[in-house]
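Q: Sharing query.txt (compact mmCIF, C-alpha atoms) below.
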```txt
# COMPACT_ATOMS: atom_id res chain seq x y z
CA MET A 1 106.25 -4.21 170.04
CA ALA A 2 103.61 -6.19 168.21
CA ARG A 3 102.15 -9.15 170.01
CA PRO A 4 103.02 -12.60 168.56
CA SER A 5 100.47 -13.92 166.09
CA ARG A 6 100.02 -17.04 168.20
CA PRO A 7 101.00 -18.00 171.74
CA LEU A 8 104.38 -19.59 172.22
CA LEU A 9 102.82 -22.33 174.30
CA SER A 10 99.48 -24.08 174.53
CA ARG A 11 98.34 -27.44 175.80
CA ALA A 12 98.22 -28.77 172.23
CA ILE A 13 101.67 -27.41 171.32
CA ILE A 14 103.20 -29.00 174.41
CA ALA A 15 101.46 -32.33 173.76
CA ARG A 16 102.60 -32.36 170.13
CA ALA A 17 106.20 -31.70 171.22
CA ALA A 18 105.90 -34.56 173.73
CA LEU A 19 104.76 -36.94 170.97
CA GLU A 20 107.70 -35.88 168.78
CA LEU A 21 110.13 -36.38 171.66
CA ILE A 22 108.78 -39.86 172.40
CA ASP A 23 108.85 -40.75 168.70
CA GLU A 24 112.48 -39.68 168.32
CA GLU A 25 113.99 -40.85 171.61
CA GLY A 26 111.59 -43.39 173.13
CA PRO A 27 109.17 -43.34 176.09
CA GLN A 28 111.95 -43.00 178.67
CA ALA A 29 112.92 -39.62 177.20
CA LEU A 30 109.67 -37.95 178.25
CA LYS A 31 110.68 -35.68 181.12
CA MET A 32 109.25 -32.25 181.78
CA ARG A 33 112.71 -30.69 181.84
CA SER A 34 113.66 -32.24 178.49
CA LEU A 35 110.38 -31.12 177.00
CA ALA A 36 110.88 -27.56 178.23
CA GLU A 37 114.36 -27.49 176.69
CA ARG A 38 112.94 -28.76 173.40
CA LEU A 39 110.39 -25.94 173.40
CA GLY A 40 112.95 -23.33 174.47
CA VAL A 41 111.14 -22.35 177.66
CA ARG A 42 111.58 -22.72 181.41
CA GLY A 43 110.11 -25.85 182.96
CA ALA A 44 107.70 -23.85 185.08
CA SER A 45 106.08 -22.45 181.93
CA LEU A 46 104.74 -25.88 181.04
CA TYR A 47 102.72 -26.06 184.23
CA HIS A 48 100.55 -23.14 183.14
CA HIS A 49 99.11 -25.53 180.52
CA VAL A 50 99.57 -29.07 181.88
CA ALA A 51 99.28 -29.87 185.57
CA SER A 52 101.61 -32.87 185.64
CA LYS A 53 103.22 -35.55 183.51
CA ASP A 54 99.99 -37.56 183.82
CA ASP A 55 98.02 -34.59 182.55
CA LEU A 56 100.51 -34.22 179.71
CA LEU A 57 99.95 -37.85 178.70
CA ASP A 58 96.22 -37.22 178.71
CA ALA A 59 96.79 -34.26 176.38
CA ALA A 60 98.98 -36.38 174.11
CA SER A 61 96.36 -39.13 174.09
CA GLU A 62 93.75 -36.55 173.12
CA LEU A 63 95.80 -35.51 170.09
CA ILE A 64 96.25 -39.10 168.96
CA ASN A 65 92.59 -39.96 169.39
CA GLU A 66 91.57 -36.91 167.37
CA GLU A 67 93.26 -38.60 164.39
CA ILE A 68 91.12 -41.76 164.64
CA ASP A 69 88.23 -41.62 162.17
CA LEU A 70 84.99 -42.59 163.89
CA ARG A 71 82.80 -42.17 160.81
CA PRO A 72 83.02 -45.83 159.72
CA LEU A 73 81.23 -46.76 162.95
CA GLN A 74 78.09 -45.15 161.51
CA ASP A 75 78.06 -47.58 158.57
CA PRO A 76 74.83 -49.64 158.75
CA ARG A 77 76.86 -52.58 157.42
CA TRP A 78 78.35 -53.22 160.84
CA ARG A 79 81.05 -55.64 159.70
CA GLU A 80 82.44 -53.35 157.00
CA GLY A 81 82.25 -50.36 159.34
CA LEU A 82 84.09 -52.09 162.18
CA ALA A 83 86.78 -53.36 159.81
CA GLU A 84 87.41 -49.90 158.36
CA TYR A 85 87.43 -48.33 161.83
CA ALA A 86 89.92 -50.93 163.08
CA ARG A 87 92.26 -50.37 160.14
CA GLY A 88 92.16 -46.62 160.65
CA TYR A 89 92.71 -46.99 164.40
CA ARG A 90 95.76 -49.15 163.70
CA ARG A 91 97.16 -46.75 161.10
CA VAL A 92 97.11 -43.96 163.66
CA TYR A 93 98.97 -45.95 166.30
CA LEU A 94 101.47 -47.24 163.77
CA ARG A 95 102.55 -43.59 163.55
CA TYR A 96 103.06 -43.49 167.33
CA PRO A 97 104.41 -46.94 168.34
CA ASN A 98 106.57 -45.56 171.17
CA VAL A 99 103.54 -43.97 172.82
CA ILE A 100 101.57 -47.21 173.18
CA ALA A 101 103.56 -48.36 176.22
CA LEU A 102 102.76 -45.06 177.97
CA VAL A 103 99.03 -44.87 177.24
CA ALA A 104 97.83 -48.48 176.90
CA ARG A 105 97.50 -49.13 180.63
CA ARG A 106 96.39 -45.64 181.64
CA ARG A 107 92.94 -44.59 182.76
CA VAL A 108 90.78 -43.39 179.91
CA GLU A 109 90.08 -39.73 180.64
CA ALA A 110 90.75 -37.86 177.38
CA GLU A 111 87.38 -36.69 176.05
CA GLN A 112 88.09 -37.79 172.49
CA ALA A 113 89.04 -41.28 173.69
CA LEU A 114 85.82 -41.52 175.71
CA ARG A 115 83.87 -40.37 172.67
CA GLY A 116 85.58 -43.02 170.57
CA TYR A 117 84.79 -45.86 172.94
CA ASP A 118 81.20 -44.66 173.25
CA ALA A 119 80.84 -44.64 169.45
CA LEU A 120 82.39 -48.12 169.16
CA LEU A 121 80.15 -49.61 171.85
CA ALA A 122 77.07 -47.97 170.33
CA ALA A 123 77.95 -49.49 166.94
CA LEU A 124 78.34 -52.94 168.48
CA VAL A 125 75.00 -52.67 170.27
CA ARG A 126 73.31 -51.57 167.03
CA ALA A 127 74.85 -54.65 165.38
CA GLY A 128 73.03 -56.81 167.92
CA CYS A 129 75.46 -57.21 170.83
CA THR A 130 74.23 -57.02 174.38
CA PRO A 131 76.11 -54.30 176.33
CA ASP A 132 78.32 -56.85 178.07
CA ARG A 133 79.17 -58.59 174.77
CA ALA A 134 79.86 -55.20 173.22
CA ALA A 135 82.38 -54.46 175.98
CA GLU A 136 84.12 -57.80 175.37
CA ALA A 137 84.24 -57.21 171.60
CA ALA A 138 85.61 -53.68 172.08
CA ALA A 139 88.29 -55.02 174.41
CA ALA A 140 89.24 -57.71 171.88
CA LEU A 141 89.48 -55.10 169.13
CA ASP A 142 91.73 -52.96 171.35
CA TYR A 143 94.04 -55.91 172.02
CA LEU A 144 94.29 -56.67 168.31
CA VAL A 145 94.89 -53.09 167.17
CA LEU A 146 97.29 -51.94 169.88
CA GLY A 147 99.13 -55.25 170.01
CA SER A 148 99.67 -55.28 166.27
CA ALA A 149 100.83 -51.65 166.30
CA LEU A 150 103.24 -52.28 169.18
CA GLU A 151 104.77 -55.57 168.07
CA THR A 152 106.28 -56.54 164.76
CA PHE A 153 106.17 -60.29 164.23
CA ALA A 154 108.10 -60.43 160.99
CA ALA A 155 111.02 -58.22 162.02
CA GLY A 156 111.85 -60.57 164.88
CA PHE A 157 113.18 -63.14 162.40
CA THR A 158 116.38 -61.67 161.02
CA ARG A 159 117.69 -64.67 159.08
CA ALA A 160 116.63 -65.69 155.60
CA PRO A 161 113.96 -68.42 155.89
CA ASP A 162 116.44 -71.18 155.00
CA GLY A 163 118.67 -70.01 157.84
CA TYR A 164 116.31 -71.65 160.35
CA ARG A 165 116.86 -75.13 158.91
CA PRO A 166 117.32 -77.86 159.97
CA ALA A 167 116.65 -77.07 163.64
CA HIS A 168 113.34 -75.28 163.09
CA PRO A 169 111.78 -76.68 159.92
CA ALA A 170 108.20 -75.51 160.55
CA LEU A 171 109.41 -71.96 161.11
CA ALA A 172 111.55 -72.09 157.97
CA ASP A 173 108.68 -73.47 155.87
CA SER A 174 106.23 -70.84 157.15
CA LEU A 175 108.58 -67.91 156.61
CA GLU A 176 109.51 -69.20 153.16
CA SER A 177 105.86 -69.59 152.20
CA SER A 178 105.02 -66.15 153.64
CA ASP A 179 107.86 -64.60 151.66
CA ALA A 180 106.24 -65.91 148.46
CA ARG A 181 102.95 -64.11 149.22
CA PRO A 182 102.19 -60.62 147.84
CA GLY A 183 104.39 -58.13 149.67
CA GLY A 184 106.67 -60.86 150.99
CA LEU A 185 107.79 -60.93 154.61
CA ALA A 186 107.60 -57.13 154.75
CA ALA A 187 103.79 -57.38 154.54
CA LEU A 188 103.46 -60.29 157.00
CA ASP A 189 102.48 -58.03 159.91
CA ASP A 190 99.69 -56.44 157.86
CA ARG A 191 98.45 -59.84 156.69
CA GLY A 192 98.56 -61.11 160.27
CA PHE A 193 96.47 -58.15 161.43
CA GLU A 194 93.94 -58.76 158.67
CA THR A 195 93.73 -62.45 159.64
CA GLY A 196 93.11 -61.54 163.27
CA LEU A 197 90.51 -58.96 162.32
CA ARG A 198 88.70 -61.43 160.06
CA LEU A 199 88.65 -64.08 162.78
CA LEU A 200 87.38 -61.57 165.33
CA LEU A 201 84.58 -60.41 163.03
CA ASP A 202 83.72 -64.00 162.07
CA GLY A 203 83.39 -64.89 165.74
CA LEU A 204 81.24 -61.85 166.40
CA ALA A 205 79.03 -62.64 163.41
CA ALA A 206 78.56 -66.19 164.71
CA GLN A 207 77.44 -64.85 168.08
CA LEU A 208 74.97 -62.49 166.42
CA ALA A 209 73.52 -65.13 164.09
CA PRO A 210 69.87 -66.01 164.92
```
Please render this file's structure as structure tokens.
A:
Amino acid sequence: MARPSRPLLSRAIIARAALELIDEEGPQALKMRSLAERLGVRGASLYHHVASKDDLLDAASELINEEIDLRPLQDPRWREGLAEYARGYRRVYLRYPNVIALVARRRVEAEQALRGYDALLAALVRAGCTPDRAAEAAAALDYLVLGSALETFAAGFTRAPDGYRPAHPALADSLESSDARPGGLAALDDRGFETGLRLLLDGLAAQLAP
């Protein structure tokens, strides 16, 4: 019998299946037994490729981080490069919102994640940050990107703007005004991210000013 053209299992195949399972059923669905059933194998087979659930999450994190484009961090125009990097970083995690709760508080061990943080910190130092300021700016960027990918501000308000009157007039006015902007309320989360990013970069630029 001819050998299969590719192995039935690999670390990457298992990690990709884990991401799909989390995306479809939520973080609580990630169990080794459920993953084995999804892949059509015995649970023990998974442990030839991943040592534990923690190791599996590292493998999943590696796949996600491989999608983040680090090239903008080489842009000599540090502000434009950081902005483009941040937008790309957010776009990736918007595709995996259910994973954020599992990976956001974990140790950073995946090689691609370490490479990404190293590239970000190097870009910030080249821009003029001291190493400690670079660490603070990188942390702030993480909070902004992951927080905005995890939480939707606009979708929390399910009534039409006028439905919040008269008890909450400021909320009604703000939602009504936001709805009149390009993209309406559906684009409020993106506009909020861009506002946060601009404020972060403005603050960083002020710190770097001679």
Q: Report, in Å to a single decimal, how far apart CA of Arg107 (chain A) and CA of Leu146 (chain A) are.
A: 15.5 Å
Q: So which residues touch Ala206 (chain A) within 12 Å, counting all atoms listed in the file, skipping near sequence neighbours fewer than 4 positions away, as JSON, numbers by chain?
A: {"A": [79, 128, 129, 199, 200, 201, 202, 210]}
Q: Using the selection just defined, write its residues with C-alpha atoms as a PDB file, in the frame of the given file.
A:
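Once everything was written out, this is selection-v7.pdb:
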```
ATOM      1  CA  ARG A  79      81.050 -55.640 159.700  1.00  0.00           C
ATOM      2  CA  GLY A 128      73.030 -56.810 167.920  1.00  0.00           C
ATOM      3  CA  CYS A 129      75.460 -57.210 170.830  1.00  0.00           C
ATOM      4  CA  LEU A 199      88.650 -64.080 162.780  1.00  0.00           C
ATOM      5  CA  LEU A 200      87.380 -61.570 165.330  1.00  0.00           C
ATOM      6  CA  LEU A 201      84.580 -60.410 163.030  1.00  0.00           C
ATOM      7  CA  ASP A 202      83.720 -64.000 162.070  1.00  0.00           C
ATOM      8  CA  PRO A 210      69.870 -66.010 164.920  1.00  0.00           C
TER       9      PRO A 210
END
```
Q: Go through A:Tyr89, A:Ser174, A:Arg33, A:Asp142 one by one, measure the shortest atom-to-atom distance of each to Ala18 (chain A) using only C-alpha atoms, and give the residue with the smallest value.
A: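 Comparing A:Tyr89, A:Ser174, A:Arg33, A:Asp142 against Ala18 (chain A), the winner is A:Arg33.
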Q: Just checking: using all atoms listed in the file, which residue out of A:Val92, A:Leu35, A:Leu175, A:Ala104 ends up closest to Ala160 (chain A)?
A: A:Leu175
Q: Taking only C-alpha atoms into account, name the residue in A:Gln112, A:Ser52, A:Gln28, A:Asn98 that is nearest to Glu66 (chain A).
A: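 That would be A:Gln112, the residue with the smallest distance to Glu66 (chain A).
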Q: May I ask for the distance between CA of Arg159 (chain A) and CA of Ala187 (chain A), given in Å to one decimal place?
A: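 We find that CA of Arg159 (chain A) and CA of Ala187 (chain A) lie 16.3 Å from each other.
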Q: Return the single residue from A:Arg11, A:Pro131, A:Ser34, A:Leu124 that is closest to Val50 (chain A), with distances computed using all atoms listed in the file.
A: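 Among the listed residues, A:Arg11 lies closest to Val50 (chain A).
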Q: Between A:Ala140, A:Val99, A:Ala167, A:Leu188, single out the one closest to Glu24 (chain A), counting only C-alpha atoms.
A: A:Val99
Q: Can you tell me which residues surround Asp118 (chain A) at a distance of at most 12 Å, considering only C-alpha atoms, apart from same-chain residues fewer than 5 positions away, and format the answer as a list of chain:residue names?
A: A:Leu70, A:Leu73, A:Val108, A:Glu111, A:Gln112, A:Ala113, A:Ala123, A:Leu124, A:Val125, A:Pro131, A:Ala134, A:Ala135, A:Ala138
